Amino acid sequence: MRDHAHAEGLRPRRDRTADAPETHDAQRLAVQLDADERLALPAAGAQRRHGVGQVARQGQRQREGLLDGRERVGRGRVEHDDARLRSGRNVDRVDADPGTRHDGQARTAGQQLAIDASLRTHDEAVGIGQGRAQFVARRTDAGNHLDAARAQHVQPGLGKRFRDDDAGGGEADALHEANPQTVVPFPGRTLAVWSSFATVIPARWWSAAAFLAPFALFCFTLVPDVGYWDTAEMETVPYIFGIAHPTGFPTFVVAGWFFSHIYPFGTVAYRLGLMSAVAMAGAAWCAYATVVELGEEPPVAAAAAMLFAAGNIVWTRGTRTEVHAFAVAFSALVLWQAVRFGRTGNARAFFGTALAYGLALATHGIATLLAPGLAMLLASRGRSLTPGIALRAGALFVAPLLLYLYIPLRSAQLFAAKTDPTLALGIPPGRPFWDNFHPASFGEFVRYMGGGEGSQVGVGFSKMVDWSLYPDVGARFAAATLHEVGPFAVFFALIGIALAFKRDAWLALGLIVACGLCVPYGLLYPEADQERYLMTAFWGIAVFAAYGAGQSIKTYLDDNASLARVAATVLLYAAAFGLIWTGRDTFGQRHDPGARQFIDKVVANTPDGAIIVANWTFATPLGYAAYVDHTLGHRIVVTAFPGDYSAFYPNWLQSHRIFLVNQPAWEDPTIRQTIVASDPGILELEKK
């Protein structure tokens with residue numbers, strides 16, 4: 001339930017009948033307000049701290065069936081700590097002041113706000129066409145009369161508290177007295193106006209902004225063409241429905257196959273990059289939903305989404321084809337649903353958690369690191385689960401994991417059809433793009449799921465238990481976090497963590513563990529792009545930063561909820577736009593040709609039908625050119641270092657010309673190397 005915008009909402013039940021003359025008498029209304037309930041005014045920020053003396057009054061309200069700001073009323077539902085009374089159901093809407101028995105008039109949200117602002121009764125007509133200025137002026141005029149009444153009837157200190165915002169405006173007061181409809185532009189009243197506008201914006205608009213604003217940022221900076229390395233592989237494999245490097249990432253591959261064939265605009269690389277942008281924007285929206293679930297207002301939560309999206313690591317990974325965009329999106333969905341279940345015990349939230357976690361595990365193995373924190377988030381409500389609910393949740397969890405079955409089935413099909421052109425060269429099956437590692441048999445599939453030959457997955461996990469490495473990990477993560485979200489967000493995130501522990505220590509600990517275990521794994525895993533493993537941690541920091549900003553500013557402003565909402569929203573958006581300004585060079589990548597020039601140079605310097613041997617970084621864009629847009633002609637791409645298949649070279653040279661592209665130095669006494677080009681480095685191999 002929001003701040004009490006209408007004083008009538010605090011009356012006892014016996015006084016519910018509207019009294020039009022009394023509503024216009026602001027002085028008499030202020031006198032009737034109880035001194036401890038003096039903040040139930042039709043102005044922004046109606047709720048304050050609750051003193052001990054209000055406990056009795058709260059009990060009286062509960063006996064009378066009234067709801068106020070201290071009741072645990074969530075946005076769009078009523079919560080109750082007793083699962084038996086709640087029964088997993090939510091109340092869609094609560095109206096603490098339904099009006100008189102004969103009040104059957106339907107009102108829009110704008111009409112209700114106008115009624116509240118002018119202290120009119122429910123039966124009195126309101127002209128929405130009077131305009132925004134008149135609405136604000138009426139609200140301001142009513143507030144001035146109430147301030148004057150308090151000055152006479154309430155404690156002097158309290159009167160000063162309400163008049164402080166209006167101090168130093170003698171000329172403005174005179175102007176307002178001369179024309180009560182005039183909006184007086186001094187700071188206190190201006191903040192109230194902005195607070196009113198923030199309240200008027202529906203929550204669904206903030207929800208839409210939490211997705212659309214990050215999505216617009218990603219789309220405007222999207223890389224338009226094929227890249228290098230793992231990015232180019234994932235721009236190739238989904239389109240041809242091949243087999244990616246372990247562990248296959250079936251959710252991404254299946255979704256990418258559908259999206260790249262259904263969406264007709266742009267290059268295939270652009271389409272799959274757009275799909276990754278959708279996923280990363282979805283992760284940002286889940287940050288919004290989680291902050292709302294923790295009790296913050298939608299404007300503050302929407303700012304959390306933008307703060308997450310604006311960081312350099314998240315921003316750049318949301319503008320290219322990236323499996324980790326899907327991984328963080330499903331991880332964020334898991335954590336939002338788990339927080340929701342932990343707070344409400346809602347069975348649908350438990351089902352959502354199970355399904356999302358299955359999808360996360362079917363996307364990337366890093367989702368296994370969520371398990372300890374996820375168990376903490378779910379444990380508090382675990383006893384309320386029936387066997388039937390647990391069984392259905394188990395089915396939802398397992399269903400996405402069945403996507404892994406496509407890997408051995410597709411591998412067997414591709415091998416039987418001899419689809420991979422490298423098979424014609426006598427190379428054993430298992431080369432990248434079409435049938436990586438050839439996991440057609442059960443044993444090969446198990447080996448594939450373990451990371452395959454030369455996997456470093458076990459190295460990452462083993463280093464996680466080496467505590468001597470953690471000081472370095474902590475220092476590196478602190479530096480990466482300051483660069484990603486800035487010191488301002490880090491400050492409020494630390495406050496948010498402390499406040500979350502104070503409110504619900506188990507929930508806070510679960511979130512920290514779930515979001516934090518990726519940090520040591522990612523920074524200790526031996527790979528070139530370690531930072532992409534940290535995105536779930538950055539997501540958690542954005543959530544805690546928004547929660548900390550909203551709660552701490554509200555406390556600092558003496559529980560002035562509306563003003564705190566505006567201040568926290570402005571500060572968080574300012575931090576996000578500061579990050580965007582710092583990383584403004586990212587806007588230039590929308591004109592980046594990527595690996596297209598490299599592909600064109602290889603085509604120009606090698607004949608059709610040649611064998612091109614390149615290592616992983618440069619073979620991946622050539623694979624895209626060969627199998628996706630077919631600009632490589634009949635050239636065959638062999639992903640290897642020069643010495644890996646040197647025994648095959650004499651036979652290949654009988655029917656093909658062989659070229660090494662951007663390879664390290666290599667010598668063979670039977671092979672002569674001729675320089676063809678220097679950028680990229682292209683060498684032709686010939687028999688001596």
# chains A, B, ... in the order shown; residues from 1 in each chain; ligands from 1
$ closest_atom_pairs --of "stretch 396-491 of chain A" --to "stretch 645-662 of chain A" --cutoff "12 Å" --atoms "only C-alpha atoms" --output "Markdown table"
| residue | atom | partner | partner_atom | distance |
| --- | --- | --- | --- | --- |
| A:Thr422 | CA | A:Trp652 | CA | 11.4 |
| A:Ala424 | CA | A:Trp652 | CA | 10.4 |
| A:Leu425 | CA | A:Trp652 | CA | 7.3 |
| A:Gly426 | CA | A:Phe648 | CA | 8.2 |
| A:Ile427 | CA | A:Tyr645 | CA | 8.4 |
| A:Pro428 | CA | A:Tyr645 | CA | 10.9 |
$ write_last_selection --atoms "N, CA, C and O atoms" --output "short mmCIF file (atom, residue, chain, number, x, y, z; two decimals), in the first residue's frame"
data_model
loop_
_atom_site.label_atom_id
_atom_site.label_comp_id
_atom_site.auth_asym_id
_atom_site.auth_seq_id
_atom_site.Cartn_x
_atom_site.Cartn_y
_atom_site.Cartn_z
N THR A 422 35.60 -31.65 -43.56
CA THR A 422 36.93 -32.12 -43.14
C THR A 422 37.02 -33.64 -43.12
O THR A 422 38.12 -34.21 -43.15
N ALA A 424 36.22 -35.54 -45.50
CA ALA A 424 36.73 -35.95 -46.81
C ALA A 424 38.24 -35.86 -46.89
O ALA A 424 38.85 -36.45 -47.80
N LEU A 425 38.87 -35.16 -45.95
CA LEU A 425 40.33 -35.04 -45.92
C LEU A 425 40.97 -36.16 -45.12
O LEU A 425 42.20 -36.22 -45.00
N GLY A 426 40.16 -37.07 -44.56
CA GLY A 426 40.70 -38.17 -43.78
C GLY A 426 40.88 -37.85 -42.32
O GLY A 426 41.38 -38.69 -41.55
N ILE A 427 40.47 -36.65 -41.90
CA ILE A 427 40.57 -36.28 -40.48
C ILE A 427 39.49 -37.02 -39.70
O ILE A 427 38.33 -37.10 -40.14
N PRO A 428 39.80 -37.55 -38.53
CA PRO A 428 38.77 -38.23 -37.73
C PRO A 428 37.65 -37.26 -37.35
O PRO A 428 37.85 -36.04 -37.30
#
$ residues_around --residues "A:Val446" --least-positions-apart "3" --cutoff "12 Å" --atoms "only C-alpha atoms" --output "number ranges by chain"
A: 246-247, 404-405, 407-408, 437-443, 449-453
$ write_last_selection --atoms "N, CA, C and O atoms" --output "PDB file, in the first residue's frame"
ATOM      1  N   PRO A 246      32.388 -28.036 -25.715  1.00  0.00           N
ATOM      2  CA  PRO A 246      31.715 -28.471 -24.480  1.00  0.00           C
ATOM      3  C   PRO A 246      31.407 -27.274 -23.575  1.00  0.00           C
ATOM      4  O   PRO A 246      32.176 -26.326 -23.507  1.00  0.00           O
ATOM      5  N   THR A 247      30.248 -27.294 -22.928  1.00  0.00           N
ATOM      6  CA  THR A 247      29.289 -28.385 -22.803  1.00  0.00           C
ATOM      7  C   THR A 247      28.091 -28.266 -23.753  1.00  0.00           C
ATOM      8  O   THR A 247      27.016 -28.810 -23.483  1.00  0.00           O
ATOM      9  N   TYR A 404      19.771 -31.428 -23.786  1.00  0.00           N
ATOM     10  CA  TYR A 404      21.101 -31.988 -24.000  1.00  0.00           C
ATOM     11  C   TYR A 404      21.066 -33.220 -24.903  1.00  0.00           C
ATOM     12  O   TYR A 404      22.091 -33.590 -25.498  1.00  0.00           O
ATOM     13  N   LEU A 405      19.915 -33.852 -25.002  1.00  0.00           N
ATOM     14  CA  LEU A 405      19.824 -35.047 -25.839  1.00  0.00           C
ATOM     15  C   LEU A 405      20.045 -34.730 -27.313  1.00  0.00           C
ATOM     16  O   LEU A 405      20.401 -35.620 -28.096  1.00  0.00           O
ATOM     17  N   ILE A 407      22.430 -33.247 -28.526  1.00  0.00           N
ATOM     18  CA  ILE A 407      23.862 -33.291 -28.854  1.00  0.00           C
ATOM     19  C   ILE A 407      24.276 -34.662 -29.395  1.00  0.00           C
ATOM     20  O   ILE A 407      24.816 -34.748 -30.506  1.00  0.00           O
ATOM     21  N   PRO A 408      24.048 -35.765 -28.685  1.00  0.00           N
ATOM     22  CA  PRO A 408      24.444 -37.062 -29.275  1.00  0.00           C
ATOM     23  C   PRO A 408      23.619 -37.435 -30.502  1.00  0.00           C
ATOM     24  O   PRO A 408      24.145 -38.041 -31.444  1.00  0.00           O
ATOM     25  N   PHE A 437      34.015 -32.675 -31.104  1.00  0.00           N
ATOM     26  CA  PHE A 437      34.278 -33.794 -30.198  1.00  0.00           C
ATOM     27  C   PHE A 437      33.483 -35.050 -30.539  1.00  0.00           C
ATOM     28  O   PHE A 437      33.624 -36.070 -29.867  1.00  0.00           O
ATOM     29  N   HIS A 438      32.599 -34.992 -31.539  1.00  0.00           N
ATOM     30  CA  HIS A 438      31.828 -36.156 -31.984  1.00  0.00           C
ATOM     31  C   HIS A 438      31.250 -36.955 -30.796  1.00  0.00           C
ATOM     32  O   HIS A 438      31.543 -38.147 -30.602  1.00  0.00           O
ATOM     33  N   PRO A 439      30.347 -36.340 -30.006  1.00  0.00           N
ATOM     34  CA  PRO A 439      29.793 -37.024 -28.824  1.00  0.00           C
ATOM     35  C   PRO A 439      28.594 -37.907 -29.160  1.00  0.00           C
ATOM     36  O   PRO A 439      27.534 -37.818 -28.519  1.00  0.00           O
ATOM     37  N   ALA A 440      28.726 -38.767 -30.150  1.00  0.00           N
ATOM     38  CA  ALA A 440      27.589 -39.586 -30.579  1.00  0.00           C
ATOM     39  C   ALA A 440      27.351 -40.771 -29.653  1.00  0.00           C
ATOM     40  O   ALA A 440      26.206 -41.179 -29.423  1.00  0.00           O
ATOM     41  N   SER A 441      28.399 -41.361 -29.109  1.00  0.00           N
ATOM     42  CA  SER A 441      28.240 -42.512 -28.217  1.00  0.00           C
ATOM     43  C   SER A 441      28.079 -42.039 -26.779  1.00  0.00           C
ATOM     44  O   SER A 441      28.383 -40.892 -26.436  1.00  0.00           O
ATOM     45  N   PHE A 442      27.622 -42.961 -25.927  1.00  0.00           N
ATOM     46  CA  PHE A 442      27.405 -42.599 -24.524  1.00  0.00           C
ATOM     47  C   PHE A 442      28.713 -42.192 -23.855  1.00  0.00           C
ATOM     48  O   PHE A 442      28.779 -41.185 -23.144  1.00  0.00           O
ATOM     49  N   GLY A 443      29.756 -42.957 -24.082  1.00  0.00           N
ATOM     50  CA  GLY A 443      31.030 -42.651 -23.459  1.00  0.00           C
ATOM     51  C   GLY A 443      31.593 -41.316 -23.917  1.00  0.00           C
ATOM     52  O   GLY A 443      32.100 -40.527 -23.108  1.00  0.00           O
ATOM     53  N   MET A 449      30.600 -33.867 -21.852  1.00  0.00           N
ATOM     54  CA  MET A 449      29.957 -33.080 -20.795  1.00  0.00           C
ATOM     55  C   MET A 449      30.931 -32.740 -19.666  1.00  0.00           C
ATOM     56  O   MET A 449      30.714 -31.794 -18.910  1.00  0.00           O
ATOM     57  N   GLY A 450      31.998 -33.505 -19.548  1.00  0.00           N
ATOM     58  CA  GLY A 450      33.024 -33.195 -18.559  1.00  0.00           C
ATOM     59  C   GLY A 450      34.013 -32.155 -19.023  1.00  0.00           C
ATOM     60  O   GLY A 450      34.951 -31.809 -18.291  1.00  0.00           O
ATOM     61  N   GLY A 451      33.827 -31.629 -20.217  1.00  0.00           N
ATOM     62  CA  GLY A 451      34.705 -30.591 -20.727  1.00  0.00           C
ATOM     63  C   GLY A 451      35.563 -31.024 -21.883  1.00  0.00           C
ATOM     64  O   GLY A 451      36.212 -30.194 -22.517  1.00  0.00           O
ATOM     65  N   GLY A 452      35.586 -32.312 -22.162  1.00  0.00           N
ATOM     66  CA  GLY A 452      36.360 -32.796 -23.290  1.00  0.00           C
ATOM     67  C   GLY A 452      37.851 -32.826 -23.024  1.00  0.00           C
ATOM     68  O   GLY A 452      38.335 -32.504 -21.925  1.00  0.00           O
ATOM     69  N   GLU A 453      38.577 -33.207 -24.036  1.00  0.00           N
ATOM     70  CA  GLU A 453      40.034 -33.316 -23.927  1.00  0.00           C
ATOM     71  C   GLU A 453      40.657 -31.938 -23.715  1.00  0.00           C
ATOM     72  O   GLU A 453      40.328 -30.970 -24.400  1.00  0.00           O
TER      73      GLU A 453
END
$ atom_distance --atom1 "atom CA of A:Leu378" --atom2 "atom CA of A:Val513"
13.1 Å
$ residues_around --residues "stretch 255-268 of chain A" --least-positions-apart "3" --cutoff "8 Å" --atoms "only C-alpha atoms" --output "ChimeraX atom specification"
/A:224-225,235,238-241,251-252,271-272,275,628
$ write_last_selection --atoms "all heavy atoms" --output "CSV table (one decimal), in the first residue's frame"
chain,number,residue,atom,x,y,z
A,224,PRO,N,27.6,-5.3,-35.8
A,224,PRO,CA,26.8,-5.6,-37.0
A,224,PRO,C,27.2,-6.9,-37.7
A,224,PRO,O,26.4,-7.5,-38.5
A,224,PRO,CB,26.9,-4.4,-37.9
A,224,PRO,CG,28.3,-3.9,-37.6
A,224,PRO,CD,28.5,-4.1,-36.1
A,225,ASP,N,28.4,-7.4,-37.5
A,225,ASP,CA,28.9,-8.5,-38.3
A,225,ASP,C,29.7,-9.5,-37.5
A,225,ASP,O,29.9,-9.3,-36.3
A,225,ASP,CB,29.7,-8.0,-39.5
A,225,ASP,CG,29.6,-8.9,-40.8
A,225,ASP,OD1,29.2,-10.1,-40.6
A,225,ASP,OD2,29.8,-8.4,-41.9
A,235,GLU,N,28.1,-17.7,-33.5
A,235,GLU,CA,27.4,-17.1,-34.6
A,235,GLU,C,27.3,-18.0,-35.8
A,235,GLU,O,26.5,-17.8,-36.7
A,235,GLU,CB,28.1,-15.8,-35.1
A,235,GLU,CG,28.0,-14.6,-34.1
A,235,GLU,CD,29.0,-13.5,-34.3
A,235,GLU,OE1,30.0,-13.8,-35.1
A,235,GLU,OE2,28.8,-12.4,-33.8
A,238,PRO,N,24.7,-22.2,-34.0
A,238,PRO,CA,23.2,-22.2,-33.9
A,238,PRO,C,22.6,-22.2,-35.3
A,238,PRO,O,21.6,-22.9,-35.5
A,238,PRO,CB,22.9,-21.0,-33.1
A,238,PRO,CG,24.1,-20.7,-32.3
A,238,PRO,CD,25.3,-21.1,-33.2
A,239,TYR,N,23.2,-21.4,-36.2
A,239,TYR,CA,22.5,-21.3,-37.5
A,239,TYR,C,22.6,-22.6,-38.3
A,239,TYR,O,21.6,-23.0,-39.0
A,239,TYR,CB,23.2,-20.2,-38.3
A,239,TYR,CG,22.6,-19.9,-39.7
A,239,TYR,CD1,21.4,-19.1,-39.7
A,239,TYR,CD2,23.2,-20.4,-40.8
A,239,TYR,CE1,20.8,-18.9,-41.0
A,239,TYR,CE2,22.6,-20.1,-42.1
A,239,TYR,CZ,21.4,-19.4,-42.1
A,239,TYR,OH,20.8,-19.1,-43.3
A,240,ILE,N,23.7,-23.3,-38.2
A,240,ILE,CA,23.8,-24.6,-38.9
A,240,ILE,C,23.3,-25.8,-38.0
A,240,ILE,O,23.3,-26.9,-38.5
A,240,ILE,CB,25.2,-24.9,-39.4
A,240,ILE,CG1,26.2,-25.0,-38.2
A,240,ILE,CG2,25.7,-23.7,-40.3
A,240,ILE,CD1,27.6,-25.4,-38.6
A,241,PHE,N,22.9,-25.5,-36.8
A,241,PHE,CA,22.5,-26.5,-35.8
A,241,PHE,C,23.6,-27.6,-35.7
A,241,PHE,O,23.3,-28.8,-35.7
A,241,PHE,CB,21.2,-27.1,-36.2
A,241,PHE,CG,20.4,-27.6,-35.1
A,241,PHE,CD1,20.1,-26.9,-33.9
A,241,PHE,CD2,19.9,-29.0,-35.1
A,241,PHE,CE1,19.4,-27.4,-32.9
A,241,PHE,CE2,19.2,-29.5,-34.0
A,241,PHE,CZ,18.9,-28.7,-32.9
A,251,THR,N,20.4,-24.7,-24.8
A,251,THR,CA,19.4,-23.7,-24.8
A,251,THR,C,19.7,-22.6,-25.8
A,251,THR,O,18.9,-22.2,-26.6
A,251,THR,CB,19.2,-23.1,-23.4
A,251,THR,OG1,18.9,-24.2,-22.5
A,251,THR,CG2,18.1,-22.1,-23.4
A,252,PHE,N,21.0,-22.2,-25.7
A,252,PHE,CA,21.4,-21.1,-26.6
A,252,PHE,C,21.4,-21.6,-28.1
A,252,PHE,O,20.9,-20.8,-29.0
A,252,PHE,CB,22.8,-20.6,-26.3
A,252,PHE,CG,23.3,-19.5,-27.0
A,252,PHE,CD1,23.0,-18.2,-26.6
A,252,PHE,CD2,24.0,-19.6,-28.2
A,252,PHE,CE1,23.5,-17.1,-27.3
A,252,PHE,CE2,24.4,-18.5,-29.0
A,252,PHE,CZ,24.1,-17.3,-28.5
A,271,ARG,N,21.7,-11.0,-36.1
A,271,ARG,CA,20.5,-11.5,-35.5
A,271,ARG,C,20.8,-12.2,-34.1
A,271,ARG,O,20.1,-12.0,-33.2
A,271,ARG,CB,19.9,-12.6,-36.4
A,271,ARG,CG,19.5,-12.0,-37.8
A,271,ARG,CD,19.1,-13.1,-38.7
A,271,ARG,NE,19.2,-12.7,-40.1
A,271,ARG,CZ,19.0,-13.6,-41.1
A,271,ARG,NH1,18.7,-14.8,-40.9
A,271,ARG,NH2,19.2,-13.2,-42.4
A,272,LEU,N,21.9,-13.0,-34.1
A,272,LEU,CA,22.2,-13.7,-32.9
A,272,LEU,C,22.7,-12.7,-31.8
A,272,LEU,O,22.5,-12.9,-30.6
A,272,LEU,CB,23.2,-14.8,-33.2
A,272,LEU,CG,22.7,-15.9,-34.0
A,272,LEU,CD1,23.8,-16.8,-34.5
A,272,LEU,CD2,21.7,-16.7,-33.2
A,275,MET,N,19.6,-11.4,-30.3
A,275,MET,CA,19.1,-12.3,-29.4
A,275,MET,C,19.8,-12.2,-28.0
A,275,MET,O,19.1,-12.3,-27.0
A,275,MET,CB,19.1,-13.7,-29.9
A,275,MET,CG,18.5,-14.8,-29.1
A,275,MET,SD,18.7,-16.5,-29.7
A,275,MET,CE,20.4,-16.8,-29.3
A,628,VAL,N,27.9,-20.2,-43.1
A,628,VAL,CA,26.8,-19.4,-42.8
A,628,VAL,C,26.5,-18.5,-44.0
A,628,VAL,O,25.4,-18.6,-44.7
A,628,VAL,CB,27.0,-18.5,-41.6
A,628,VAL,CG1,25.8,-17.6,-41.4
A,628,VAL,CG2,27.1,-19.5,-40.4
$ select_by_dssp --residues "stretch 345-495 of chain A" --states "helix (DSSP H, G or I)" --output "PyMOL selection string"
chain A and resi 347-361+365-379+382-384+387-417+421-425+442-449+457-464+467-495
$ write_last_selection --atoms "C-alpha atoms" --output "mmCIF file, in the first residue's frame"
data_model
loop_
_atom_site.group_PDB
_atom_site.id
_atom_site.type_symbol
_atom_site.label_atom_id
_atom_site.label_comp_id
_atom_site.auth_asym_id
_atom_site.auth_seq_id
_atom_site.Cartn_x
_atom_site.Cartn_y
_atom_site.Cartn_z
ATOM 1 C CA ALA A 347 3.964 -22.279 -5.241
ATOM 2 C CA ARG A 348 4.077 -20.620 -8.648
ATOM 3 C CA ALA A 349 7.314 -18.910 -7.643
ATOM 4 C CA PHE A 350 8.724 -22.307 -6.688
ATOM 5 C CA PHE A 351 7.725 -23.687 -10.081
ATOM 6 C CA GLY A 352 9.317 -20.689 -11.749
ATOM 7 C CA THR A 353 12.521 -21.259 -9.801
ATOM 8 C CA ALA A 354 12.677 -24.901 -10.853
ATOM 9 C CA LEU A 355 12.030 -24.196 -14.538
ATOM 10 C CA ALA A 356 14.462 -21.271 -14.678
ATOM 11 C CA TYR A 357 17.204 -23.270 -12.973
ATOM 12 C CA GLY A 358 16.755 -26.105 -15.451
ATOM 13 C CA LEU A 359 17.094 -23.607 -18.306
ATOM 14 C CA ALA A 360 20.173 -22.057 -16.683
ATOM 15 C CA LEU A 361 21.872 -25.449 -16.374
ATOM 16 C CA GLY A 365 27.601 -25.179 -16.490
ATOM 17 C CA ILE A 366 28.413 -22.070 -14.461
ATOM 18 C CA ALA A 367 24.812 -22.245 -13.212
ATOM 19 C CA THR A 368 25.892 -25.076 -10.896
ATOM 20 C CA LEU A 369 27.522 -22.390 -8.742
ATOM 21 C CA LEU A 370 24.041 -21.046 -7.929
ATOM 22 C CA ALA A 371 23.082 -24.208 -6.063
ATOM 23 C CA PRO A 372 24.330 -23.414 -2.515
ATOM 24 C CA GLY A 373 22.809 -19.935 -2.437
ATOM 25 C CA LEU A 374 19.645 -21.137 -4.100
ATOM 26 C CA ALA A 375 19.203 -23.795 -1.409
ATOM 27 C CA MET A 376 19.470 -21.063 1.254
ATOM 28 C CA LEU A 377 16.829 -18.944 -0.456
ATOM 29 C CA LEU A 378 14.402 -21.860 -0.723
ATOM 30 C CA ALA A 379 15.052 -23.455 2.671
ATOM 31 C CA GLY A 382 10.716 -25.752 2.150
ATOM 32 C CA ARG A 383 8.491 -27.258 4.821
ATOM 33 C CA SER A 384 5.377 -25.778 3.232
ATOM 34 C CA PRO A 387 4.858 -33.896 -2.372
ATOM 35 C CA GLY A 388 2.687 -32.953 -5.329
ATOM 36 C CA ILE A 389 4.245 -29.501 -5.603
ATOM 37 C CA ALA A 390 7.740 -30.946 -5.284
ATOM 38 C CA LEU A 391 7.002 -33.533 -7.994
ATOM 39 C CA ARG A 392 5.718 -30.935 -10.448
ATOM 40 C CA ALA A 393 8.676 -28.685 -9.727
ATOM 41 C CA GLY A 394 11.026 -31.591 -10.347
ATOM 42 C CA ALA A 395 9.428 -32.203 -13.729
ATOM 43 C CA LEU A 396 9.818 -28.538 -14.649
ATOM 44 C CA PHE A 397 13.462 -28.672 -13.606
ATOM 45 C CA VAL A 398 14.261 -31.783 -15.640
ATOM 46 C CA ALA A 399 12.394 -30.774 -18.809
ATOM 47 C CA PRO A 400 14.954 -28.188 -20.055
ATOM 48 C CA LEU A 401 17.821 -30.577 -19.322
ATOM 49 C CA LEU A 402 16.403 -32.920 -21.960
ATOM 50 C CA LEU A 403 17.688 -30.417 -24.523
ATOM 51 C CA TYR A 404 21.101 -31.988 -24.000
ATOM 52 C CA LEU A 405 19.824 -35.047 -25.839
ATOM 53 C CA TYR A 406 20.044 -33.149 -29.095
ATOM 54 C CA ILE A 407 23.862 -33.291 -28.854
ATOM 55 C CA PRO A 408 24.444 -37.062 -29.275
ATOM 56 C CA LEU A 409 21.485 -37.404 -31.631
ATOM 57 C CA ARG A 410 22.628 -34.590 -33.896
ATOM 58 C CA SER A 411 26.238 -35.774 -33.772
ATOM 59 C CA ALA A 412 25.249 -39.233 -34.996
ATOM 60 C CA GLN A 413 23.085 -37.756 -37.746
ATOM 61 C CA LEU A 414 25.797 -35.385 -39.002
ATOM 62 C CA PHE A 415 28.437 -38.112 -39.039
ATOM 63 C CA ALA A 416 26.176 -40.485 -40.956
ATOM 64 C CA ALA A 417 25.516 -37.798 -43.568
ATOM 65 C CA PRO A 421 33.825 -31.376 -45.221
ATOM 66 C CA THR A 422 36.934 -32.118 -43.144
ATOM 67 C CA LEU A 423 35.891 -35.788 -43.100
ATOM 68 C CA ALA A 424 36.725 -35.949 -46.814
ATOM 69 C CA LEU A 425 40.331 -35.041 -45.918
ATOM 70 C CA PHE A 442 27.405 -42.599 -24.524
ATOM 71 C CA GLY A 443 31.030 -42.651 -23.459
ATOM 72 C CA GLU A 444 32.010 -39.776 -25.744
ATOM 73 C CA PHE A 445 28.969 -37.784 -24.587
ATOM 74 C CA VAL A 446 29.959 -38.230 -20.935
ATOM 75 C CA ARG A 447 33.516 -37.162 -21.752
ATOM 76 C CA TYR A 448 32.139 -34.212 -23.712
ATOM 77 C CA MET A 449 29.957 -33.080 -20.795
ATOM 78 C CA VAL A 457 36.960 -26.793 -15.921
ATOM 79 C CA GLY A 458 38.454 -28.943 -13.179
ATOM 80 C CA VAL A 459 41.285 -26.449 -12.786
ATOM 81 C CA GLY A 460 38.810 -23.681 -12.051
ATOM 82 C CA PHE A 461 36.991 -25.704 -9.395
ATOM 83 C CA SER A 462 40.163 -27.012 -7.767
ATOM 84 C CA LYS A 463 41.579 -23.516 -7.403
ATOM 85 C CA MET A 464 38.391 -22.394 -5.643
ATOM 86 C CA TRP A 467 42.372 -20.150 0.098
ATOM 87 C CA SER A 468 45.816 -18.665 -0.432
ATOM 88 C CA LEU A 469 44.599 -17.313 -3.778
ATOM 89 C CA TYR A 470 41.660 -15.397 -2.325
ATOM 90 C CA PRO A 471 43.470 -12.163 -1.330
ATOM 91 C CA ASP A 472 44.442 -11.681 -4.961
ATOM 92 C CA VAL A 473 40.943 -12.666 -6.108
ATOM 93 C CA GLY A 474 39.400 -10.137 -3.718
ATOM 94 C CA ALA A 475 41.653 -7.325 -4.908
ATOM 95 C CA ARG A 476 40.980 -8.091 -8.571
ATOM 96 C CA PHE A 477 37.242 -8.318 -8.033
ATOM 97 C CA ALA A 478 37.177 -5.037 -6.097
ATOM 98 C CA ALA A 479 39.000 -3.293 -8.944
ATOM 99 C CA ALA A 480 36.680 -4.848 -11.549
ATOM 100 C CA THR A 481 33.584 -3.865 -9.540
ATOM 101 C CA LEU A 482 34.672 -0.252 -9.111
ATOM 102 C CA HIS A 483 35.248 -0.062 -12.837
ATOM 103 C CA GLU A 484 31.960 -1.796 -13.646
ATOM 104 C CA VAL A 485 29.452 0.066 -11.428
ATOM 105 C CA GLY A 486 31.467 2.906 -9.880
ATOM 106 C CA PRO A 487 32.207 3.802 -6.244
ATOM 107 C CA PHE A 488 28.780 5.365 -5.692
ATOM 108 C CA ALA A 489 26.960 2.111 -6.456
ATOM 109 C CA VAL A 490 29.477 0.088 -4.449
ATOM 110 C CA PHE A 491 28.848 2.336 -1.436
ATOM 111 C CA PHE A 492 25.091 1.853 -1.593
ATOM 112 C CA ALA A 493 25.489 -1.866 -2.324
ATOM 113 C CA LEU A 494 27.397 -2.293 0.938
ATOM 114 C CA ILE A 495 24.639 -0.407 2.762
#
$ closest_residue --among "A:Leu212, A:Leu294, A:Leu534, A:Met306" --to "A:Ile497" --atoms "only C-alpha atoms"
A:Leu294
$ atom_distance --atom1 "atom CA of A:His364" --atom2 "atom CA of A:Ala281"
18.2 Å
$ residues_around --residues "A:Leu222" --least-positions-apart "5" --cutoff "7 Å" --atoms "only C-alpha atoms" --output "PyMOL selection string"
chain A and resi 273+319-320+590
$ closest_residue --among "A:His324, A:Arg672, A:Arg532, A:Arg381" --to "A:Ala338" --atoms "only C-alpha atoms"
A:Arg381
$ residues_around --residues "A:Lys554" --least-positions-apart "5" --cutoff "8 Å" --atoms "only C-alpha atoms" --output "count of residues only"
6
$ residues_around --residues "A:Val292" --least-positions-apart "3" --cutoff "10 Å" --atoms "only C-alpha atoms" --output "VMD selection string"
chain A and resid 74 to 75 207 286 to 289 295 to 302 336 340 543 546 to 547
